[in-house]
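Asks: This one is structure_13.cif, mmCIF, C-alpha atoms.
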```cif
data_model
loop_
_atom_site.group_PDB
_atom_site.id
_atom_site.type_symbol
_atom_site.label_atom_id
_atom_site.label_comp_id
_atom_site.auth_asym_id
_atom_site.auth_seq_id
_atom_site.Cartn_x
_atom_site.Cartn_y
_atom_site.Cartn_z
ATOM 1 C CA MET A 15 25.290 -1.755 -4.534
ATOM 2 C CA ASN A 16 27.720 1.035 -5.514
ATOM 3 C CA LEU A 17 25.279 3.281 -7.328
ATOM 4 C CA GLU A 18 27.892 5.949 -8.072
ATOM 5 C CA SER A 19 29.583 3.570 -10.513
ATOM 6 C CA TYR A 20 26.414 3.308 -12.636
ATOM 7 C CA PHE A 21 25.487 7.009 -12.736
ATOM 8 C CA ASP A 22 26.377 8.709 -16.070
ATOM 9 C CA THR A 23 26.579 5.467 -18.049
ATOM 10 C CA PRO A 24 24.383 4.240 -20.938
ATOM 11 C CA ARG A 25 22.342 2.269 -18.394
ATOM 12 C CA TRP A 26 21.812 5.400 -16.276
ATOM 13 C CA PRO A 27 22.461 8.443 -18.447
ATOM 14 C CA VAL A 28 23.110 12.094 -17.735
ATOM 15 C CA PHE A 29 21.421 13.787 -20.688
ATOM 16 C CA TYR A 30 22.863 17.279 -20.253
ATOM 17 C CA HIS A 31 24.823 19.447 -17.870
ATOM 18 C CA ASP A 32 26.230 22.968 -17.783
ATOM 19 C CA ASN A 33 26.894 25.582 -15.116
ATOM 20 C CA HIS A 34 23.145 26.014 -14.494
ATOM 21 C CA LEU A 35 21.478 22.657 -15.203
ATOM 22 C CA LEU A 36 21.771 18.924 -14.782
ATOM 23 C CA VAL A 37 19.309 16.718 -16.676
ATOM 24 C CA ALA A 38 19.456 13.029 -15.793
ATOM 25 C CA TYR A 39 17.563 9.756 -15.890
ATOM 26 C CA LYS A 40 15.811 8.399 -12.815
ATOM 27 C CA PRO A 41 15.234 4.634 -12.634
ATOM 28 C CA SER A 42 12.177 3.218 -10.932
ATOM 29 C CA GLY A 43 12.709 2.248 -7.320
ATOM 30 C CA LEU A 44 14.984 5.192 -6.526
ATOM 31 C CA LEU A 45 13.874 8.088 -4.343
ATOM 32 C CA ILE A 46 14.309 11.474 -5.953
ATOM 33 C CA GLN A 47 14.959 13.092 -2.546
ATOM 34 C CA ALA A 48 15.933 11.595 0.803
ATOM 35 C CA ASP A 49 13.146 10.643 3.201
ATOM 36 C CA SER A 50 12.796 8.878 6.545
ATOM 37 C CA THR A 51 13.876 5.532 5.039
ATOM 38 C CA ARG A 52 17.403 6.896 4.503
ATOM 39 C CA ASP A 53 17.528 4.996 1.219
ATOM 40 C CA ALA A 54 19.708 6.313 -1.591
ATOM 41 C CA CYS A 55 18.247 9.172 -3.607
ATOM 42 C CA LEU A 56 18.923 10.733 -6.995
ATOM 43 C CA LEU A 57 19.558 14.206 -5.567
ATOM 44 C CA ASP A 58 22.459 13.012 -3.417
ATOM 45 C CA LEU A 59 23.931 10.881 -6.203
ATOM 46 C CA ALA A 60 23.743 13.805 -8.619
ATOM 47 C CA ARG A 61 25.427 16.114 -6.103
ATOM 48 C CA GLN A 62 28.277 13.657 -5.725
ATOM 49 C CA TRP A 63 28.623 13.400 -9.507
ATOM 50 C CA VAL A 64 28.749 17.206 -9.867
ATOM 51 C CA LYS A 65 31.374 17.412 -7.111
ATOM 52 C CA ILE A 66 33.638 14.984 -8.983
ATOM 53 C CA GLN A 67 32.848 16.144 -12.525
ATOM 54 C CA TYR A 68 33.455 19.817 -11.769
ATOM 55 C CA GLN A 69 36.088 19.271 -9.045
ATOM 56 C CA LYS A 70 34.031 21.234 -6.526
ATOM 57 C CA PRO A 71 35.440 21.656 -3.016
ATOM 58 C CA GLY A 72 33.019 21.672 -0.096
ATOM 59 C CA ASN A 73 29.252 21.350 -0.412
ATOM 60 C CA VAL A 74 27.640 21.288 -3.869
ATOM 61 C CA PHE A 75 24.493 23.299 -4.594
ATOM 62 C CA LEU A 76 21.903 21.275 -6.493
ATOM 63 C CA ALA A 77 18.200 22.087 -6.228
ATOM 64 C CA LEU A 78 15.150 19.944 -6.840
ATOM 65 C CA VAL A 79 12.552 21.806 -8.929
ATOM 66 C CA HIS A 80 10.111 18.947 -9.652
ATOM 67 C CA ARG A 81 9.527 15.348 -8.571
ATOM 68 C CA LEU A 82 8.871 11.843 -9.823
ATOM 69 C CA ASP A 83 7.287 9.184 -7.616
ATOM 70 C CA ARG A 84 9.644 6.431 -6.452
ATOM 71 C CA PRO A 85 8.175 3.713 -8.749
ATOM 72 C CA VAL A 86 8.234 6.031 -11.801
ATOM 73 C CA ALA A 87 11.217 6.288 -14.175
ATOM 74 C CA GLY A 88 12.195 9.016 -16.605
ATOM 75 C CA THR A 89 13.705 12.435 -17.149
ATOM 76 C CA VAL A 90 14.496 14.861 -14.317
ATOM 77 C CA VAL A 91 16.055 18.343 -14.304
ATOM 78 C CA PHE A 92 17.994 19.812 -11.375
ATOM 79 C CA ALA A 93 19.165 23.419 -10.942
ATOM 80 C CA ARG A 94 22.832 24.064 -10.259
ATOM 81 C CA THR A 95 22.434 27.677 -9.101
ATOM 82 C CA SER A 96 19.878 29.542 -7.009
ATOM 83 C CA LYS A 97 19.047 31.748 -10.001
ATOM 84 C CA ALA A 98 18.362 28.694 -12.153
ATOM 85 C CA ALA A 99 16.272 27.138 -9.375
ATOM 86 C CA SER A 100 14.120 30.249 -9.061
ATOM 87 C CA ARG A 101 13.574 30.605 -12.800
ATOM 88 C CA LEU A 102 12.879 26.929 -13.403
ATOM 89 C CA SER A 103 10.460 26.785 -10.466
ATOM 90 C CA LEU A 104 8.576 29.737 -11.961
ATOM 91 C CA GLN A 105 8.320 27.911 -15.288
ATOM 92 C CA PHE A 106 6.873 24.847 -13.546
ATOM 93 C CA ARG A 107 4.349 26.986 -11.644
ATOM 94 C CA THR A 108 3.209 28.917 -14.715
ATOM 95 C CA GLY A 109 2.949 25.957 -17.098
ATOM 96 C CA ARG A 110 5.899 26.930 -19.267
ATOM 97 C CA VAL A 111 7.447 23.476 -18.827
ATOM 98 C CA GLU A 112 6.199 20.735 -21.169
ATOM 99 C CA LYS A 113 5.940 17.364 -19.431
ATOM 100 C CA GLN A 114 5.023 14.351 -21.549
ATOM 101 C CA TYR A 115 4.530 10.888 -20.068
ATOM 102 C CA LEU A 116 3.805 7.450 -21.468
ATOM 103 C CA ALA A 117 1.456 5.195 -19.514
ATOM 104 C CA ILE A 118 0.032 1.712 -19.948
ATOM 105 C CA VAL A 119 -3.412 1.305 -18.405
ATOM 106 C CA HIS A 120 -5.812 -1.564 -17.932
ATOM 107 C CA GLY A 121 -8.727 -1.435 -20.363
ATOM 108 C CA THR A 122 -9.495 0.183 -23.692
ATOM 109 C CA MET A 123 -9.604 3.875 -22.914
ATOM 110 C CA THR A 124 -12.302 5.897 -24.616
ATOM 111 C CA PRO A 125 -12.526 8.398 -26.105
ATOM 112 C CA ALA A 126 -9.225 7.983 -27.939
ATOM 113 C CA SER A 127 -8.095 11.461 -26.935
ATOM 114 C CA GLY A 128 -9.252 14.120 -24.560
ATOM 115 C CA ARG A 129 -8.545 16.521 -21.726
ATOM 116 C CA LEU A 130 -9.191 15.623 -18.095
ATOM 117 C CA THR A 131 -9.914 18.298 -15.489
ATOM 118 C CA ASP A 132 -10.514 17.306 -11.883
ATOM 119 C CA TYR A 133 -9.971 18.462 -8.335
ATOM 120 C CA ILE A 134 -7.538 16.450 -6.235
ATOM 121 C CA TYR A 135 -7.316 16.209 -2.480
ATOM 122 C CA ARG A 136 -4.212 14.706 -0.924
ATOM 123 C CA ARG A 137 -4.515 12.710 2.274
ATOM 124 C CA GLY A 138 -1.146 11.366 3.404
ATOM 125 C CA PRO A 139 0.356 9.088 0.747
ATOM 126 C CA THR A 140 -2.808 8.961 -1.394
ATOM 127 C CA SER A 141 -4.674 11.463 -3.547
ATOM 128 C CA LYS A 142 -8.307 11.242 -4.575
ATOM 129 C CA ILE A 143 -10.643 13.005 -6.956
ATOM 130 C CA VAL A 144 -13.167 15.186 -5.108
ATOM 131 C CA ALA A 145 -15.827 17.783 -5.823
ATOM 132 C CA ALA A 146 -14.553 21.198 -6.889
ATOM 133 C CA GLN A 147 -15.774 22.908 -3.732
ATOM 134 C CA THR A 148 -13.873 20.555 -1.394
ATOM 135 C CA ALA A 149 -11.681 22.528 0.983
ATOM 136 C CA GLY A 150 -7.988 21.914 0.381
ATOM 137 C CA SER A 151 -8.452 20.467 -3.102
ATOM 138 C CA ARG A 152 -6.464 21.656 -6.118
ATOM 139 C CA GLU A 153 -7.303 21.682 -9.806
ATOM 140 C CA ALA A 154 -5.562 19.010 -11.899
ATOM 141 C CA ARG A 155 -5.400 19.071 -15.704
ATOM 142 C CA LEU A 156 -3.931 16.807 -18.349
ATOM 143 C CA SER A 157 -4.512 15.850 -21.964
ATOM 144 C CA TYR A 158 -4.033 12.370 -23.412
ATOM 145 C CA ARG A 159 -3.966 10.415 -26.649
ATOM 146 C CA VAL A 160 -4.314 6.657 -27.089
ATOM 147 C CA VAL A 161 -1.271 5.537 -29.071
ATOM 148 C CA ASP A 162 -2.165 1.834 -29.288
ATOM 149 C CA VAL A 163 -4.495 -0.790 -27.813
ATOM 150 C CA GLN A 164 -3.481 -4.443 -27.326
ATOM 151 C CA ASN A 165 -4.536 -7.274 -25.036
ATOM 152 C CA SER A 166 -7.176 -5.148 -23.276
ATOM 153 C CA GLN A 167 -4.573 -2.528 -22.390
ATOM 154 C CA SER A 168 -4.030 0.988 -23.723
ATOM 155 C CA LEU A 169 -0.761 2.813 -24.315
ATOM 156 C CA LEU A 170 -1.279 6.509 -23.642
ATOM 157 C CA GLU A 171 0.694 9.648 -24.395
ATOM 158 C CA ILE A 172 -0.041 12.191 -21.673
ATOM 159 C CA ASN A 173 0.747 15.893 -21.552
ATOM 160 C CA LEU A 174 0.671 17.025 -17.944
ATOM 161 C CA GLU A 175 -0.581 20.582 -17.455
ATOM 162 C CA THR A 176 -0.372 20.682 -13.657
ATOM 163 C CA GLY A 177 1.823 18.767 -11.244
ATOM 164 C CA ARG A 178 -0.369 17.529 -8.397
ATOM 165 C CA HIS A 179 0.517 14.628 -6.124
ATOM 166 C CA HIS A 180 -0.149 11.315 -7.933
ATOM 167 C CA GLN A 181 -2.149 13.297 -10.485
ATOM 168 C CA ILE A 182 -1.906 11.007 -13.518
ATOM 169 C CA ARG A 183 -2.408 7.912 -11.384
ATOM 170 C CA ALA A 184 -5.499 9.290 -9.639
ATOM 171 C CA GLN A 185 -7.144 10.846 -12.682
ATOM 172 C CA LEU A 186 -6.845 7.734 -14.842
ATOM 173 C CA ALA A 187 -7.866 5.358 -12.054
ATOM 174 C CA SER A 188 -10.950 7.439 -11.233
ATOM 175 C CA ARG A 189 -12.219 6.684 -14.748
ATOM 176 C CA GLY A 190 -11.595 2.956 -14.439
ATOM 177 C CA PHE A 191 -8.175 2.837 -16.125
ATOM 178 C CA PRO A 192 -5.514 2.216 -13.474
ATOM 179 C CA ILE A 193 -1.881 2.159 -14.537
ATOM 180 C CA LEU A 194 -0.230 -1.272 -14.734
ATOM 181 C CA GLY A 195 1.421 -2.109 -11.441
ATOM 182 C CA ASP A 196 -0.334 0.644 -9.488
ATOM 183 C CA LEU A 197 -1.838 -1.338 -6.614
ATOM 184 C CA ARG A 198 -2.558 1.843 -4.653
ATOM 185 C CA TYR A 199 -4.997 3.008 -7.334
ATOM 186 C CA GLY A 200 -6.631 -0.244 -8.356
ATOM 187 C CA ALA A 201 -4.281 -2.286 -10.547
ATOM 188 C CA ALA A 202 -4.882 -6.014 -10.351
ATOM 189 C CA ARG A 203 -1.282 -7.110 -9.704
ATOM 190 C CA PRO A 204 2.205 -5.672 -9.234
ATOM 191 C CA LEU A 205 4.897 -5.547 -11.895
ATOM 192 C CA PRO A 206 8.012 -7.671 -11.239
ATOM 193 C CA GLU A 207 9.974 -4.995 -9.347
ATOM 194 C CA ARG A 208 6.904 -3.011 -8.245
ATOM 195 C CA GLN A 209 7.447 -0.421 -10.969
ATOM 196 C CA LEU A 210 4.606 1.565 -12.465
ATOM 197 C CA ALA A 211 4.071 1.525 -16.233
ATOM 198 C CA LEU A 212 4.330 5.312 -16.151
ATOM 199 C CA PHE A 213 7.341 6.938 -17.789
ATOM 200 C CA ALA A 214 8.461 10.584 -17.814
ATOM 201 C CA HIS A 215 9.342 10.535 -21.497
ATOM 202 C CA LYS A 216 9.870 14.153 -22.582
ATOM 203 C CA LEU A 217 10.710 17.398 -20.805
ATOM 204 C CA ALA A 218 11.012 20.865 -22.375
ATOM 205 C CA PHE A 219 11.722 24.227 -20.742
ATOM 206 C CA ASP A 220 13.495 27.529 -21.323
ATOM 207 C CA HIS A 221 17.142 27.627 -20.334
ATOM 208 C CA PRO A 222 17.320 29.764 -17.183
ATOM 209 C CA THR A 223 20.006 32.135 -18.524
ATOM 210 C CA ARG A 224 19.907 31.772 -22.332
ATOM 211 C CA LYS A 225 17.101 32.429 -24.808
ATOM 212 C CA GLU A 226 16.989 28.784 -25.777
ATOM 213 C CA ARG A 227 14.320 26.115 -25.556
ATOM 214 C CA MET A 228 15.738 22.907 -24.083
ATOM 215 C CA ASN A 229 14.136 19.608 -25.195
ATOM 216 C CA PHE A 230 14.927 16.202 -23.727
ATOM 217 C CA CYS A 231 13.532 12.766 -24.553
ATOM 218 C CA SER A 232 14.523 9.601 -22.732
ATOM 219 C CA PRO A 233 14.602 6.303 -24.631
ATOM 220 C CA LEU A 234 12.107 3.753 -23.382
ATOM 221 C CA PRO A 235 13.765 1.612 -20.716
ATOM 222 C CA LEU A 236 14.733 -2.013 -21.155
ATOM 223 C CA GLY A 237 11.742 -4.216 -20.419
ATOM 224 C CA TRP A 238 9.050 -1.610 -21.053
ATOM 225 C CA PRO A 239 5.992 -3.909 -21.095
ATOM 226 C CA TRP A 240 4.380 -3.139 -24.437
ATOM 227 C CA PRO A 241 4.125 -5.785 -27.183
ATOM 228 C CA GLY A 242 6.308 -5.114 -30.189
ATOM 229 C CA VAL A 243 8.635 -2.598 -28.519
ATOM 230 C CA PRO A 244 12.139 -3.906 -29.327
ATOM 231 C CA ASP A 245 14.759 -3.943 -26.606
ATOM 232 C CA ASN A 246 17.360 -1.286 -27.295
ATOM 233 C CA PRO A 247 20.732 -2.378 -25.823
ATOM 234 C CA GLN A 248 21.614 1.308 -25.381
ATOM 235 C CA ALA A 249 18.433 2.041 -23.432
ATOM 236 C CA PRO A 250 18.537 2.782 -19.709
ATOM 237 C CA VAL A 251 17.454 0.170 -17.213
ATOM 238 C CA TRP A 252 13.896 0.449 -15.986
ATOM 239 C CA ASP A 253 14.346 -0.467 -12.332
ATOM 240 C CA LEU A 254 17.146 0.234 -9.878
ATOM 241 C CA LYS A 255 17.557 -3.472 -9.033
ATOM 242 C CA SER A 256 18.440 -4.135 -12.674
ATOM 243 C CA MET A 257 21.697 -2.233 -12.207
ATOM 244 C CA LYS A 258 23.277 -5.383 -10.764
#
```
Can you give me the file's structure in the form of structure tokens?

Replies:
Amino acid sequence: MNLESYFDTPRWPVFYHDNHLLVAYKPSGLLIQADSTRDACLLDLARQWVKIQYQKPGNVFLALVHRLDRPVAGTVVFARTSKAASRLSLQFRTGRVEKQYLAIVHGTMTPASGRLTDYIYRRGPTSKIVAAQTAGSREARLSYRVVDVQNSQSLLEINLETGRHHQIRAQLASRGFPILGDLRYGAARPLPERQLALFAHKLAFDHPTRKERMNFCSPLPLGWPWPGVPDNPQAPVWDLKSMK
């Protein structure tokens, strides 16, 4: 599959770019950064796009300042300069970045809104909730609101306060509400392309060189599995395999 031909199209949009930033959509199934599999990744595709778009000779600088898990889709920001990378990374560390997700979980989540605070310990590819005094654990915080409940499932709006490994997945599953498709954390069955019903919906941060708040919101992808959500023909695809 020639992924370069799909990047920066309505099915796979670039939301914004300037001399300091690139904000783009990541479909489920795509790595955000290269790993041992040597599969395609968003960082490399975005670098190639910048090289062509800006007619850059030689190597292109593009820095990763946050991550999305491979089966998660949504909005991602990259830094195009070292100054932007440093300033954006500081915003992520200090909680200046607003990160809002949508998630569909098994069960009727109660209470209908709240704030979850846990300690997470990462062991290899999995994270688990542990006691606060556990060596190597890190505090994880999020707030949530139940948007709708149908067919013994809940649609949640989640504001992520910290960015721990598999944080949303582990915190919800530990309370008996695994995300649809998340076999690692207790879901009953996979989704058709092994996506997770977890979507990085909104992202807001301060521009690294201007006194301007930047706000981005990705449309829900085609096939988002919630009853009554109409398919938007201009929406991005949910999973990488749907690019065909």

Asks: Using the chain letters and numbers from the file, which residues does the PyMOL selection byres ((chain A and resi 178) around 12) grab, as a short mmCIF file (atom, residue, chain, number, x, y, z; two decimals) with C-alpha atoms, keeping the file's coordinate frame?

Replies:
```cif
data_model
loop_
_atom_site.label_atom_id
_atom_site.label_comp_id
_atom_site.auth_asym_id
_atom_site.auth_seq_id
_atom_site.Cartn_x
_atom_site.Cartn_y
_atom_site.Cartn_z
CA HIS A 80 10.11 18.95 -9.65
CA ARG A 81 9.53 15.35 -8.57
CA LEU A 82 8.87 11.84 -9.82
CA ASP A 83 7.29 9.18 -7.62
CA PHE A 106 6.87 24.85 -13.55
CA ARG A 107 4.35 26.99 -11.64
CA THR A 131 -9.91 18.30 -15.49
CA ASP A 132 -10.51 17.31 -11.88
CA TYR A 133 -9.97 18.46 -8.34
CA ILE A 134 -7.54 16.45 -6.24
CA TYR A 135 -7.32 16.21 -2.48
CA ARG A 136 -4.21 14.71 -0.92
CA THR A 140 -2.81 8.96 -1.39
CA SER A 141 -4.67 11.46 -3.55
CA LYS A 142 -8.31 11.24 -4.58
CA ILE A 143 -10.64 13.00 -6.96
CA SER A 151 -8.45 20.47 -3.10
CA ARG A 152 -6.46 21.66 -6.12
CA GLU A 153 -7.30 21.68 -9.81
CA ALA A 154 -5.56 19.01 -11.90
CA ARG A 155 -5.40 19.07 -15.70
CA LEU A 156 -3.93 16.81 -18.35
CA LEU A 174 0.67 17.02 -17.94
CA GLU A 175 -0.58 20.58 -17.45
CA THR A 176 -0.37 20.68 -13.66
CA GLY A 177 1.82 18.77 -11.24
CA HIS A 179 0.52 14.63 -6.12
CA HIS A 180 -0.15 11.32 -7.93
CA GLN A 181 -2.15 13.30 -10.48
CA ILE A 182 -1.91 11.01 -13.52
CA ARG A 183 -2.41 7.91 -11.38
CA ALA A 184 -5.50 9.29 -9.64
CA GLN A 185 -7.14 10.85 -12.68
#
```

Asks: If you count only C-alpha atoms, which residues fall within 9 Å of stretch 198-203 of chain A, apart from same-chain ones fewer than 3 positions away, as a CSV table (one decimal) with C-alpha atoms, in the frame of the given file?

Replies:
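Heads up, here's the output in part_23.csv:
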```
chain,number,residue,atom,x,y,z
A,119,VAL,CA,-3.4,1.3,-18.4
A,120,HIS,CA,-5.8,-1.6,-17.9
A,140,THR,CA,-2.8,9.0,-1.4
A,183,ARG,CA,-2.4,7.9,-11.4
A,184,ALA,CA,-5.5,9.3,-9.6
A,187,ALA,CA,-7.9,5.4,-12.1
A,188,SER,CA,-11.0,7.4,-11.2
A,190,GLY,CA,-11.6,3.0,-14.4
A,191,PHE,CA,-8.2,2.8,-16.1
A,192,PRO,CA,-5.5,2.2,-13.5
A,193,ILE,CA,-1.9,2.2,-14.5
A,194,LEU,CA,-0.2,-1.3,-14.7
A,195,GLY,CA,1.4,-2.1,-11.4
```

Asks: For atom CA of A:Phe219 and atom CA of A:Arg110, determine how far apart the two atoms are, in Å to one decimal place.

Replies: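 Separation of atom CA of A:Phe219 and atom CA of A:Arg110: 6.6 Å.
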
Asks: Apply the PyMOL selection byres ((chain A and resi 220) around 10) to the file shown and report the selected residues as a list of chain:residue names.

Replies: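 This file gives the following for the PyMOL selection byres ((chain A and resi 220) around 10): A:Arg101, A:Leu102, A:Gln105, A:Arg110, A:Val111, A:Glu112, A:Ala218, A:Phe219, A:His221, A:Pro222, A:Thr223, A:Arg224, A:Lys225, A:Glu226, A:Arg227, A:Met228, A:Asn229.
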
Asks: Write a file of the selected residues as a compact mmCIF listing (two decimals), keeping the file's coordinate frame, keeping C-alpha atoms.

Replies:
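Just written: result-v1.txt:
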```
# COMPACT_ATOMS: atom_id res chain seq x y z
CA ARG A 101 13.57 30.60 -12.80
CA LEU A 102 12.88 26.93 -13.40
CA GLN A 105 8.32 27.91 -15.29
CA ARG A 110 5.90 26.93 -19.27
CA VAL A 111 7.45 23.48 -18.83
CA GLU A 112 6.20 20.74 -21.17
CA ALA A 218 11.01 20.86 -22.38
CA PHE A 219 11.72 24.23 -20.74
CA HIS A 221 17.14 27.63 -20.33
CA PRO A 222 17.32 29.76 -17.18
CA THR A 223 20.01 32.14 -18.52
CA ARG A 224 19.91 31.77 -22.33
CA LYS A 225 17.10 32.43 -24.81
CA GLU A 226 16.99 28.78 -25.78
CA ARG A 227 14.32 26.12 -25.56
CA MET A 228 15.74 22.91 -24.08
CA ASN A 229 14.14 19.61 -25.20
```

Asks: Measuring atom to atom with only C-alpha atoms, identify which of A:Thr124, A:Gln167, A:Ser19, A:Thr108 is nearest to A:Trp63.

Replies: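 Of all the options, A:Ser19 lies closest to A:Trp63.
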
Asks: Which residues come within 10 Å of A:Ser256, counting only C-alpha atoms, excluding same-chain residues fewer than 6 positions away, as an mmCIF file with C-alpha atoms, in the coordinates of the input?

Replies:
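Final output, selection_13.cif:
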```cif
data_model
loop_
_atom_site.group_PDB
_atom_site.id
_atom_site.type_symbol
_atom_site.label_atom_id
_atom_site.label_comp_id
_atom_site.auth_asym_id
_atom_site.auth_seq_id
_atom_site.Cartn_x
_atom_site.Cartn_y
_atom_site.Cartn_z
ATOM 1 C CA ARG A 25 22.342 2.269 -18.394
ATOM 2 C CA PRO A 41 15.234 4.634 -12.634
ATOM 3 C CA SER A 42 12.177 3.218 -10.932
ATOM 4 C CA GLU A 207 9.974 -4.995 -9.347
ATOM 5 C CA LEU A 236 14.733 -2.013 -21.155
ATOM 6 C CA PRO A 250 18.537 2.782 -19.709
#
```

Asks: Which residue, A:Asn33, A:Pro204, A:Pro71, A:Leu78, has the smallest gap to A:Leu57 when you use only C-alpha atoms?

Replies: A:Leu78

Asks: Given the PyMOL selection byres ((chain A and resi 246) around 10) and the file above, list the residues it selects as a PyMOL selection string.

Replies: chain A and resi 233-237+243-245+247-250

Asks: For each of A:Ala145, A:Leu169, A:Leu35, A:Leu45, take the minimum atom-to-atom distance to A:Lys97, counting only C-alpha atoms, then give the residue where this is smallest.

Replies: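 Using only C-alpha atoms, the shortest distance to A:Lys97 belongs to A:Leu35.
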
Asks: If you measure from atom CA of A:Lys113 to atom CA of A:Ala146, what distance in Å do you get, rounded to one decimal?

Replies: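 Between atom CA of A:Lys113 and atom CA of A:Ala146 the gap is 24.3 Å.
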
Asks: Between A:Gly72, A:Glu171, A:Thr51, A:Gly43, which one has atoms that come closest to A:Leu205, using all atoms listed in the file?

Replies: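 Residue with the minimum atom-to-atom distance to A:Leu205: A:Gly43.
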
Asks: With distances taken over only C-alpha atoms, which residue among A:Ser127, A:Thr23, A:Gln67, A:Thr122 lies nearest A:Arg159?

Replies: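 Smallest distance to A:Arg159 is found for A:Ser127.
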